[in-house]
Amino acid sequence: MSTTDAARDELKARAEADGIEFFLAMFVDLHGKPCAKAVPMSSFELLMDGGAGFAGFAAGDLGQSPADPDLTAMPDPASYTPLPWKPGVAVLHCDPHVNGEPWPYAPRVILKRQLDKLAADRGWRLMTGVEAEYSLLRRTADGSLELADPLDSSAKPCYEAKGLTRMWDYLSNLSRCMNQLGWGNYANDHEDGNGQFECNFRYADAVTTADRTIFFRYMVHMLAHEAGMTATFMPKPFTSITGNGMHLHQSLWTLDGEPLFGDDTDGRDLGLSKTAYRYVGGLLDHGRASAGIICPTVNSYKRIGVGKPTSGSTWAPAYVAYGGNNRTLLLRIPEGGRIEHRGVDGSANPYLAATALLAAGLDGIDRELEPGEPVHDNLFELDAGQVAQRDIAHLPKTLDAAIAELVADPVLRAGLGTVPGGDFVDYYARVKQAEFDAYHATVSEWELERYLTLA
């Protein structure tokens, strides 16, 4: 279980040079919640040799009961990430183990297992990038939530210079933090919803991007807290305001660094190779089933296809279709050589999302699925019947409907792997069905207003 001597020595030297006093040995549960222990630098050798111990059942949904052995978080030296806003502290992303073996319920383990198979069987690797939208809020004296910027009330706030500048201290601090980490922050903007922002960083291999996404969300929360605000990546925090997506860009490369998705001679003028089109075919074929992973909460389905909000547009894809620079579709090809999946939302676990979408895309390649011609229509202007006439499916409209399709999909089932006693997808489905059932059992204000005196 110990890391190589060279990797350990390099990590120790970097940490000492950076003045690190504590490591946060971090991993996530099924929902993407970061869990950690603070390990002092004086226990570096102990951490690297034996990891950090956790009661797995207490940490979250990770397939453990109170009767199970401890979960041991084994650090990945390559994931070393100092906290720019808290000198002396660094995160080490970890792979949970139980009894000396990688724990198959752990999302990072699930993704790495599939990527190892991709490299061994095909000599390929997956590169990804994310666009993680979030909203900045503030607690009022009575505990309710409001937008952090009370002046952010425009009907079309997207890219608004004034809204961006009023949050300058926070956003510029976040940008400096990302660049200090070497992530290559290349843009920061006010997004389409009131109080909504996006901060972009360069793409990388799928594990690195997922690690950075977890750290990014953690960093956004912590910096917002220090600034007296509350940040949320919740898909739909307000009924009337645009929801938060986490668009996932994907491309396949050889292990030698040759891109596999680009082709300047593409007859459809999207700049995609035959391999990429077949990958698109797989994403479409498994589009509805993958929703249970990439849109993993009850709230996720209030972001999808709910009509025009009071600010900007919906931007959340409801339809399983692909095309070029068309943001009404699930899959957008912004330029040759990569595929943007717009269905992934802000609550998604980035490790599980990448795993599921890779499994879907590879199935398309293996079965030589053709996606058909790209869609050029603005699907938001068409009614449901007109969309159906084009043989375009709608995403599931509730979490339980999405989970039912997920468990029935053999490709996603295989891609997410096995766990003791069965398949991970069945465990995931039980957790998510319980989440939906708890929501469904709660009587809402909407129901009271609509039904209390109706009959």
# chains A, B, ... in the order shown; residues from 1 in each chain; ligands from 1
>>> residues_around(residues="Leu136 in chain A", least_positions_apart="4", cutoff="7 Å", atoms="only C-alpha atoms", output="JSON list (two decimals) with N, CA and C atoms, in the first residue's frame")
[["chain", "number", "residue", "atom", "x", "y", "z"],
["A", 147, "LEU", "N", -29.51, 36.81, -2.36],
["A", 147, "LEU", "CA", -28.31, 37.00, -3.16],
["A", 147, "LEU", "C", -27.30, 37.83, -2.39],
["A", 148, "ALA", "N", -26.03, 37.47, -2.50],
["A", 148, "ALA", "CA", -24.99, 38.21, -1.78],
["A", 148, "ALA", "C", -24.90, 39.65, -2.26],
["A", 195, "GLY", "N", -26.55, 36.46, -9.28],
["A", 195, "GLY", "CA", -25.71, 35.88, -8.24],
["A", 195, "GLY", "C", -24.88, 34.69, -8.68],
["A", 196, "GLN", "N", -24.86, 34.39, -9.98],
["A", 196, "GLN", "CA", -24.19, 33.18, -10.48],
["A", 196, "GLN", "C", -22.87, 33.53, -11.18],
["A", 229, "MET", "N", -20.09, 35.18, 3.04],
["A", 229, "MET", "CA", -21.11, 34.73, 2.09],
["A", 229, "MET", "C", -21.28, 33.22, 2.19],
["A", 230, "THR", "N", -22.29, 32.72, 1.49],
["A", 230, "THR", "CA", -22.51, 31.29, 1.33],
["A", 230, "THR", "C", -22.48, 30.97, -0.16],
["A", 231, "ALA", "N", -21.64, 30.01, -0.56],
["A", 231, "ALA", "CA", -21.60, 29.58, -1.95],
["A", 231, "ALA", "C", -22.40, 28.30, -2.10],
["A", 232, "THR", "N", -23.03, 28.13, -3.24],
["A", 232, "THR", "CA", -23.73, 26.87, -3.52],
["A", 232, "THR", "C", -23.55, 26.45, -4.96]]
>>> closest_residue(among="A:Thr442, A:Leu399, A:Phe380, A:Leu255", to="Ala120 in chain A", atoms="only C-alpha atoms")
A:Leu255
>>> residues_around(residues="Ala206 in chain A", least_positions_apart="6", cutoff="9 Å", atoms="only C-alpha atoms", output="MDAnalysis selection string")
chainID A and resid 111:112 115 125:129 250 351 354
>>> residues_around(residues="range 64-81 of chain A", least_positions_apart="4", cutoff="10 Å", atoms="only C-alpha atoms", output="number ranges by chain")
A: 1-4, 7-12, 14-15, 23-27, 36-37, 47-60, 89-103, 105, 181-182, 207-208, 211-212, 215
>>> select_by_dssp(residues="range 89-177 of chain A", states="alpha helix (DSSP H)", output="JSON, numbers by chain")
{"A": [107, 108, 109, 110, 111, 112, 113, 114, 115, 116, 117, 118, 119, 120, 121, 122, 161, 162, 163, 164, 165, 166, 168, 169, 170, 171, 172, 173, 174, 175, 176, 177]}
>>> write_last_selection(atoms="N, CA and C atoms", output="compact mmCIF listing (two decimals), in the first residue's frame")
# COMPACT_ATOMS: atom_id res chain seq x y z
N PRO A 107 -15.59 6.58 -4.98
CA PRO A 107 -15.68 7.13 -6.34
C PRO A 107 -14.33 7.29 -7.04
N ARG A 108 -13.30 7.73 -6.33
CA ARG A 108 -11.99 7.90 -6.98
C ARG A 108 -11.42 6.55 -7.41
N VAL A 109 -11.63 5.53 -6.61
CA VAL A 109 -11.18 4.18 -6.95
C VAL A 109 -11.93 3.66 -8.18
N ILE A 110 -13.23 3.95 -8.26
CA ILE A 110 -14.04 3.51 -9.40
C ILE A 110 -13.52 4.12 -10.69
N LEU A 111 -13.25 5.44 -10.69
CA LEU A 111 -12.75 6.09 -11.89
C LEU A 111 -11.37 5.56 -12.26
N LYS A 112 -10.46 5.46 -11.30
CA LYS A 112 -9.10 5.00 -11.61
C LYS A 112 -9.11 3.58 -12.15
N ARG A 113 -9.99 2.75 -11.65
CA ARG A 113 -10.08 1.38 -12.13
C ARG A 113 -10.47 1.36 -13.62
N GLN A 114 -11.43 2.19 -14.00
CA GLN A 114 -11.84 2.21 -15.41
C GLN A 114 -10.76 2.83 -16.30
N LEU A 115 -10.07 3.85 -15.79
CA LEU A 115 -9.01 4.47 -16.58
C LEU A 115 -7.82 3.53 -16.76
N ASP A 116 -7.51 2.73 -15.74
CA ASP A 116 -6.45 1.73 -15.86
C ASP A 116 -6.81 0.71 -16.95
N LYS A 117 -8.07 0.33 -17.00
CA LYS A 117 -8.53 -0.62 -18.03
C LYS A 117 -8.45 0.01 -19.41
N LEU A 118 -8.81 1.29 -19.50
CA LEU A 118 -8.74 2.00 -20.78
C LEU A 118 -7.30 2.02 -21.30
N ALA A 119 -6.36 2.27 -20.41
CA ALA A 119 -4.95 2.30 -20.80
C ALA A 119 -4.44 0.92 -21.18
N ALA A 120 -4.80 -0.09 -20.38
CA ALA A 120 -4.29 -1.44 -20.62
C ALA A 120 -4.89 -2.06 -21.87
N ASP A 121 -6.18 -1.87 -22.10
CA ASP A 121 -6.87 -2.54 -23.22
C ASP A 121 -6.72 -1.81 -24.54
N ARG A 122 -6.63 -0.46 -24.50
CA ARG A 122 -6.67 0.31 -25.74
C ARG A 122 -5.47 1.24 -25.92
N ALA A 161 -20.55 43.60 -16.67
CA ALA A 161 -19.31 44.11 -16.09
C ALA A 161 -19.52 44.65 -14.68
N LYS A 162 -20.65 45.29 -14.44
CA LYS A 162 -20.89 45.86 -13.11
C LYS A 162 -21.07 44.75 -12.07
N GLY A 163 -21.86 43.73 -12.42
CA GLY A 163 -22.04 42.62 -11.49
C GLY A 163 -20.74 41.89 -11.21
N LEU A 164 -19.90 41.79 -12.23
CA LEU A 164 -18.59 41.15 -12.06
C LEU A 164 -17.70 41.99 -11.14
N THR A 165 -17.70 43.30 -11.35
CA THR A 165 -16.81 44.18 -10.60
C THR A 165 -17.23 44.31 -9.14
N ARG A 166 -18.53 44.27 -8.87
CA ARG A 166 -18.97 44.36 -7.48
C ARG A 166 -18.49 43.17 -6.65
N TRP A 168 -15.50 41.81 -7.20
CA TRP A 168 -14.11 41.78 -7.63
C TRP A 168 -13.17 41.20 -6.57
N ASP A 169 -13.32 41.61 -5.34
CA ASP A 169 -12.40 41.14 -4.31
C ASP A 169 -12.46 39.62 -4.18
N TYR A 170 -13.66 39.08 -4.18
CA TYR A 170 -13.80 37.62 -4.06
C TYR A 170 -13.27 36.91 -5.30
N LEU A 171 -13.68 37.36 -6.47
CA LEU A 171 -13.32 36.66 -7.71
C LEU A 171 -11.83 36.77 -8.01
N SER A 172 -11.26 37.93 -7.79
CA SER A 172 -9.83 38.08 -8.06
C SER A 172 -9.00 37.25 -7.08
N ASN A 173 -9.44 37.14 -5.85
CA ASN A 173 -8.77 36.29 -4.87
C ASN A 173 -8.82 34.83 -5.31
N LEU A 174 -9.99 34.39 -5.77
CA LEU A 174 -10.16 33.02 -6.24
C LEU A 174 -9.27 32.76 -7.46
N SER A 175 -9.20 33.72 -8.37
CA SER A 175 -8.34 33.57 -9.55
C SER A 175 -6.88 33.45 -9.17
N ARG A 176 -6.42 34.30 -8.24
CA ARG A 176 -5.03 34.21 -7.80
C ARG A 176 -4.74 32.86 -7.16
N CYS A 177 -5.69 32.34 -6.41
CA CYS A 177 -5.51 31.02 -5.78
C CYS A 177 -5.33 29.94 -6.85
>>> closest_residue(among="A:Gly271, A:Gly417, A:Pro104, A:Pro350", to="Pro34 in chain A", atoms="only C-alpha atoms")
A:Pro350
>>> closest_atom_pairs(of="range 85-170 of chain A", to="range 337-348 of chain A", cutoff="8 Å", atoms="only C-alpha atoms", output="tab-separated table")
residue	atom	partner	partner_atom	distance
A:Ala132	CA	A:Gly346	CA	6.4
A:Glu133	CA	A:Gly346	CA	6.7
A:Tyr134	CA	A:Gly346	CA	7.4
>>> write_last_selection(atoms="N, CA and C atoms", output="short mmCIF file (atom, residue, chain, number, x, y, z; two decimals), in the first residue's frame")
data_model
loop_
_atom_site.label_atom_id
_atom_site.label_comp_id
_atom_site.auth_asym_id
_atom_site.auth_seq_id
_atom_site.Cartn_x
_atom_site.Cartn_y
_atom_site.Cartn_z
N ALA A 132 -17.69 24.74 -13.83
CA ALA A 132 -18.48 24.59 -12.60
C ALA A 132 -19.11 25.93 -12.22
N GLU A 133 -20.41 26.04 -12.41
CA GLU A 133 -21.14 27.24 -12.05
C GLU A 133 -21.55 27.19 -10.58
N TYR A 134 -21.62 28.35 -9.95
CA TYR A 134 -22.03 28.42 -8.56
C TYR A 134 -22.71 29.76 -8.30
#
>>> closest_residue(among="A:Ser135, A:Ser42, A:Thr453, A:Asn326", to="Ala224 in chain A", atoms="only C-alpha atoms")
A:Ser135
>>> select_by_dssp(residues="range 248-409 of chain A", states="strand (DSSP E or B)", output="ChimeraX atom specification")
/A:248-254,259,262,272,319-320,322-323,331-332,339-341,345,393-394
>>> write_last_selection(atoms="C-alpha atoms", output="PDB file, in the first residue's frame")
ATOM      1  CA  LEU A 248     -17.936  18.191 -18.658  1.00  0.00           C
ATOM      2  CA  HIS A 249     -15.664  18.394 -21.720  1.00  0.00           C
ATOM      3  CA  GLN A 250     -14.218  15.077 -22.907  1.00  0.00           C
ATOM      4  CA  SER A 251     -11.603  13.868 -25.377  1.00  0.00           C
ATOM      5  CA  LEU A 252      -9.650  10.649 -25.839  1.00  0.00           C
ATOM      6  CA  TRP A 253      -5.887  10.588 -26.453  1.00  0.00           C
ATOM      7  CA  THR A 254      -3.279   7.901 -26.909  1.00  0.00           C
ATOM      8  CA  PRO A 259      -5.493  13.250 -29.905  1.00  0.00           C
ATOM      9  CA  GLY A 262     -10.115  15.727 -34.053  1.00  0.00           C
ATOM     10  CA  LEU A 272     -14.694  15.406 -35.106  1.00  0.00           C
ATOM     11  CA  TYR A 319     -33.142  16.816 -24.930  1.00  0.00           C
ATOM     12  CA  VAL A 320     -30.815  13.923 -25.778  1.00  0.00           C
ATOM     13  CA  TYR A 322     -26.039  16.705 -30.289  1.00  0.00           C
ATOM     14  CA  GLY A 323     -24.883  19.505 -32.545  1.00  0.00           C
ATOM     15  CA  LEU A 331     -24.034  17.461 -26.330  1.00  0.00           C
ATOM     16  CA  ARG A 332     -22.382  20.522 -27.838  1.00  0.00           C
ATOM     17  CA  ILE A 339     -17.290  17.038 -26.743  1.00  0.00           C
ATOM     18  CA  GLU A 340     -19.088  19.160 -24.164  1.00  0.00           C
ATOM     19  CA  HIS A 341     -21.698  17.319 -22.096  1.00  0.00           C
ATOM     20  CA  ASP A 345     -24.937  19.586 -12.990  1.00  0.00           C
ATOM     21  CA  ALA A 393     -35.711  11.804 -26.369  1.00  0.00           C
ATOM     22  CA  HIS A 394     -36.284  13.933 -23.287  1.00  0.00           C
TER      23      HIS A 394
END
>>> closest_residue(among="A:Arg413, A:Lys397, A:Arg367, A:His221", to="Ile304 in chain A", atoms="only C-alpha atoms")
A:Lys397
>>> atom_distance(atom1="CA of Gly19 in chain A", atom2="CA of Glu226 in chain A")
22.5 Å
>>> atom_distance(atom1="CA of Gly184 in chain A", atom2="CA of Leu137 in chain A")
26.3 Å
>>> residues_around(residues="Asn194 in chain A", least_positions_apart="4", cutoff="8 Å", atoms="only C-alpha atoms", output="list in words")
Leu147, Asp152, Ser153, Ser154, Pro157, Ile241, Thr242 and Ser311 of chain A
>>> residues_around(residues="Leu357 in chain A", least_positions_apart="2", cutoff="9 Å", atoms="only C-alpha atoms", output="VMD selection string")
chain A and resid 250 282 to 283 286 to 287 290 294 341 352 to 355 359 to 362 412
>>> write_last_selection(atoms="C-alpha atoms", output="PDB file, in the first residue's frame")
ATOM      1  CA  GLN A 250     -14.218  15.077 -22.907  1.00  0.00           C
ATOM      2  CA  GLY A 282     -22.699   6.098 -27.137  1.00  0.00           C
ATOM      3  CA  LEU A 283     -23.369   9.203 -25.047  1.00  0.00           C
ATOM      4  CA  HIS A 286     -27.047   5.993 -22.803  1.00  0.00           C
ATOM      5  CA  GLY A 287     -28.153   9.607 -22.336  1.00  0.00           C
ATOM      6  CA  SER A 290     -26.591   8.310 -17.349  1.00  0.00           C
ATOM      7  CA  ILE A 294     -24.702  13.175 -13.725  1.00  0.00           C
ATOM      8  CA  HIS A 341     -21.698  17.319 -22.096  1.00  0.00           C
ATOM      9  CA  LEU A 352     -18.630   9.006 -11.020  1.00  0.00           C
ATOM     10  CA  ALA A 353     -19.728  11.377 -13.803  1.00  0.00           C
ATOM     11  CA  ALA A 354     -16.493  10.820 -15.753  1.00  0.00           C
ATOM     12  CA  THR A 355     -16.755   7.065 -15.195  1.00  0.00           C
ATOM     13  CA  ALA A 359     -18.416   3.843 -20.292  1.00  0.00           C
ATOM     14  CA  ALA A 360     -21.214   5.191 -22.476  1.00  0.00           C
ATOM     15  CA  GLY A 361     -18.833   6.675 -25.049  1.00  0.00           C
ATOM     16  CA  LEU A 362     -16.668   3.559 -25.294  1.00  0.00           C
ATOM     17  CA  LEU A 412     -23.205   1.690 -17.146  1.00  0.00           C
TER      18      LEU A 412
END
>>> atom_distance(atom1="CA of Trp446 in chain A", atom2="CA of Phe233 in chain A")
23.7 Å
>>> closest_residue(among="A:Ile365, A:Leu145, A:Ala13, A:Val387", to="Gly281 in chain A", atoms="only C-alpha atoms")
A:Ile365
>>> decode(residues="range 35-52 of chain A", atoms="N, CA and C atoms", output="mmCIF file, in the first residue's frame")
data_model
loop_
_atom_site.group_PDB
_atom_site.id
_atom_site.type_symbol
_atom_site.label_atom_id
_atom_site.label_comp_id
_atom_site.auth_asym_id
_atom_site.auth_seq_id
_atom_site.Cartn_x
_atom_site.Cartn_y
_atom_site.Cartn_z
ATOM 1 N N CYS A 35 -14.335 14.562 2.765
ATOM 2 C CA CYS A 35 -14.057 14.175 4.143
ATOM 3 C C CYS A 35 -12.537 14.229 4.331
ATOM 4 N N ALA A 36 -12.073 14.566 5.521
ATOM 5 C CA ALA A 36 -10.627 14.692 5.716
ATOM 6 C C ALA A 36 -10.253 14.568 7.177
ATOM 7 N N LYS A 37 -8.996 14.201 7.405
ATOM 8 C CA LYS A 37 -8.344 14.327 8.698
ATOM 9 C C LYS A 37 -7.122 15.219 8.524
ATOM 10 N N ALA A 38 -6.842 16.018 9.540
ATOM 11 C CA ALA A 38 -5.656 16.867 9.528
ATOM 12 C C ALA A 38 -4.497 16.086 10.142
ATOM 13 N N VAL A 39 -3.494 15.814 9.327
ATOM 14 C CA VAL A 39 -2.340 15.025 9.773
ATOM 15 C C VAL A 39 -1.114 15.937 9.838
ATOM 16 N N PRO A 40 -0.480 16.078 10.989
ATOM 17 C CA PRO A 40 0.684 16.968 11.083
ATOM 18 C C PRO A 40 1.875 16.446 10.292
ATOM 19 N N MET A 41 2.699 17.379 9.844
ATOM 20 C CA MET A 41 3.885 17.016 9.071
ATOM 21 C C MET A 41 4.782 16.058 9.863
ATOM 22 N N SER A 42 4.752 16.142 11.173
ATOM 23 C CA SER A 42 5.573 15.256 11.989
ATOM 24 C C SER A 42 5.170 13.784 11.835
ATOM 25 N N SER A 43 3.951 13.546 11.309
ATOM 26 C CA SER A 43 3.482 12.174 11.085
ATOM 27 C C SER A 43 3.494 11.810 9.599
ATOM 28 N N PHE A 44 4.333 12.501 8.830
ATOM 29 C CA PHE A 44 4.379 12.269 7.385
ATOM 30 C C PHE A 44 4.634 10.804 7.055
ATOM 31 N N GLU A 45 5.641 10.202 7.673
ATOM 32 C CA GLU A 45 5.985 8.813 7.350
ATOM 33 C C GLU A 45 4.837 7.867 7.707
ATOM 34 N N LEU A 46 4.188 8.124 8.830
ATOM 35 C CA LEU A 46 3.063 7.302 9.240
ATOM 36 C C LEU A 46 1.923 7.409 8.228
ATOM 37 N N LEU A 47 1.648 8.625 7.760
ATOM 38 C CA LEU A 47 0.598 8.838 6.776
ATOM 39 C C LEU A 47 0.903 8.107 5.474
ATOM 40 N N MET A 48 2.136 8.224 5.008
ATOM 41 C CA MET A 48 2.478 7.621 3.720
ATOM 42 C C MET A 48 2.539 6.097 3.801
ATOM 43 N N ASP A 49 2.934 5.572 4.955
ATOM 44 C CA ASP A 49 3.030 4.116 5.104
ATOM 45 C C ASP A 49 1.672 3.471 5.354
ATOM 46 N N GLY A 50 0.901 4.081 6.239
ATOM 47 C CA GLY A 50 -0.325 3.419 6.674
ATOM 48 C C GLY A 50 -1.608 4.164 6.408
ATOM 49 N N GLY A 51 -1.526 5.370 5.810
ATOM 50 C CA GLY A 51 -2.715 6.144 5.527
ATOM 51 C C GLY A 51 -3.345 6.728 6.770
ATOM 52 N N ALA A 52 -4.519 7.323 6.585
ATOM 53 C CA ALA A 52 -5.298 7.892 7.685
ATOM 54 C C ALA A 52 -6.541 7.050 7.867
#
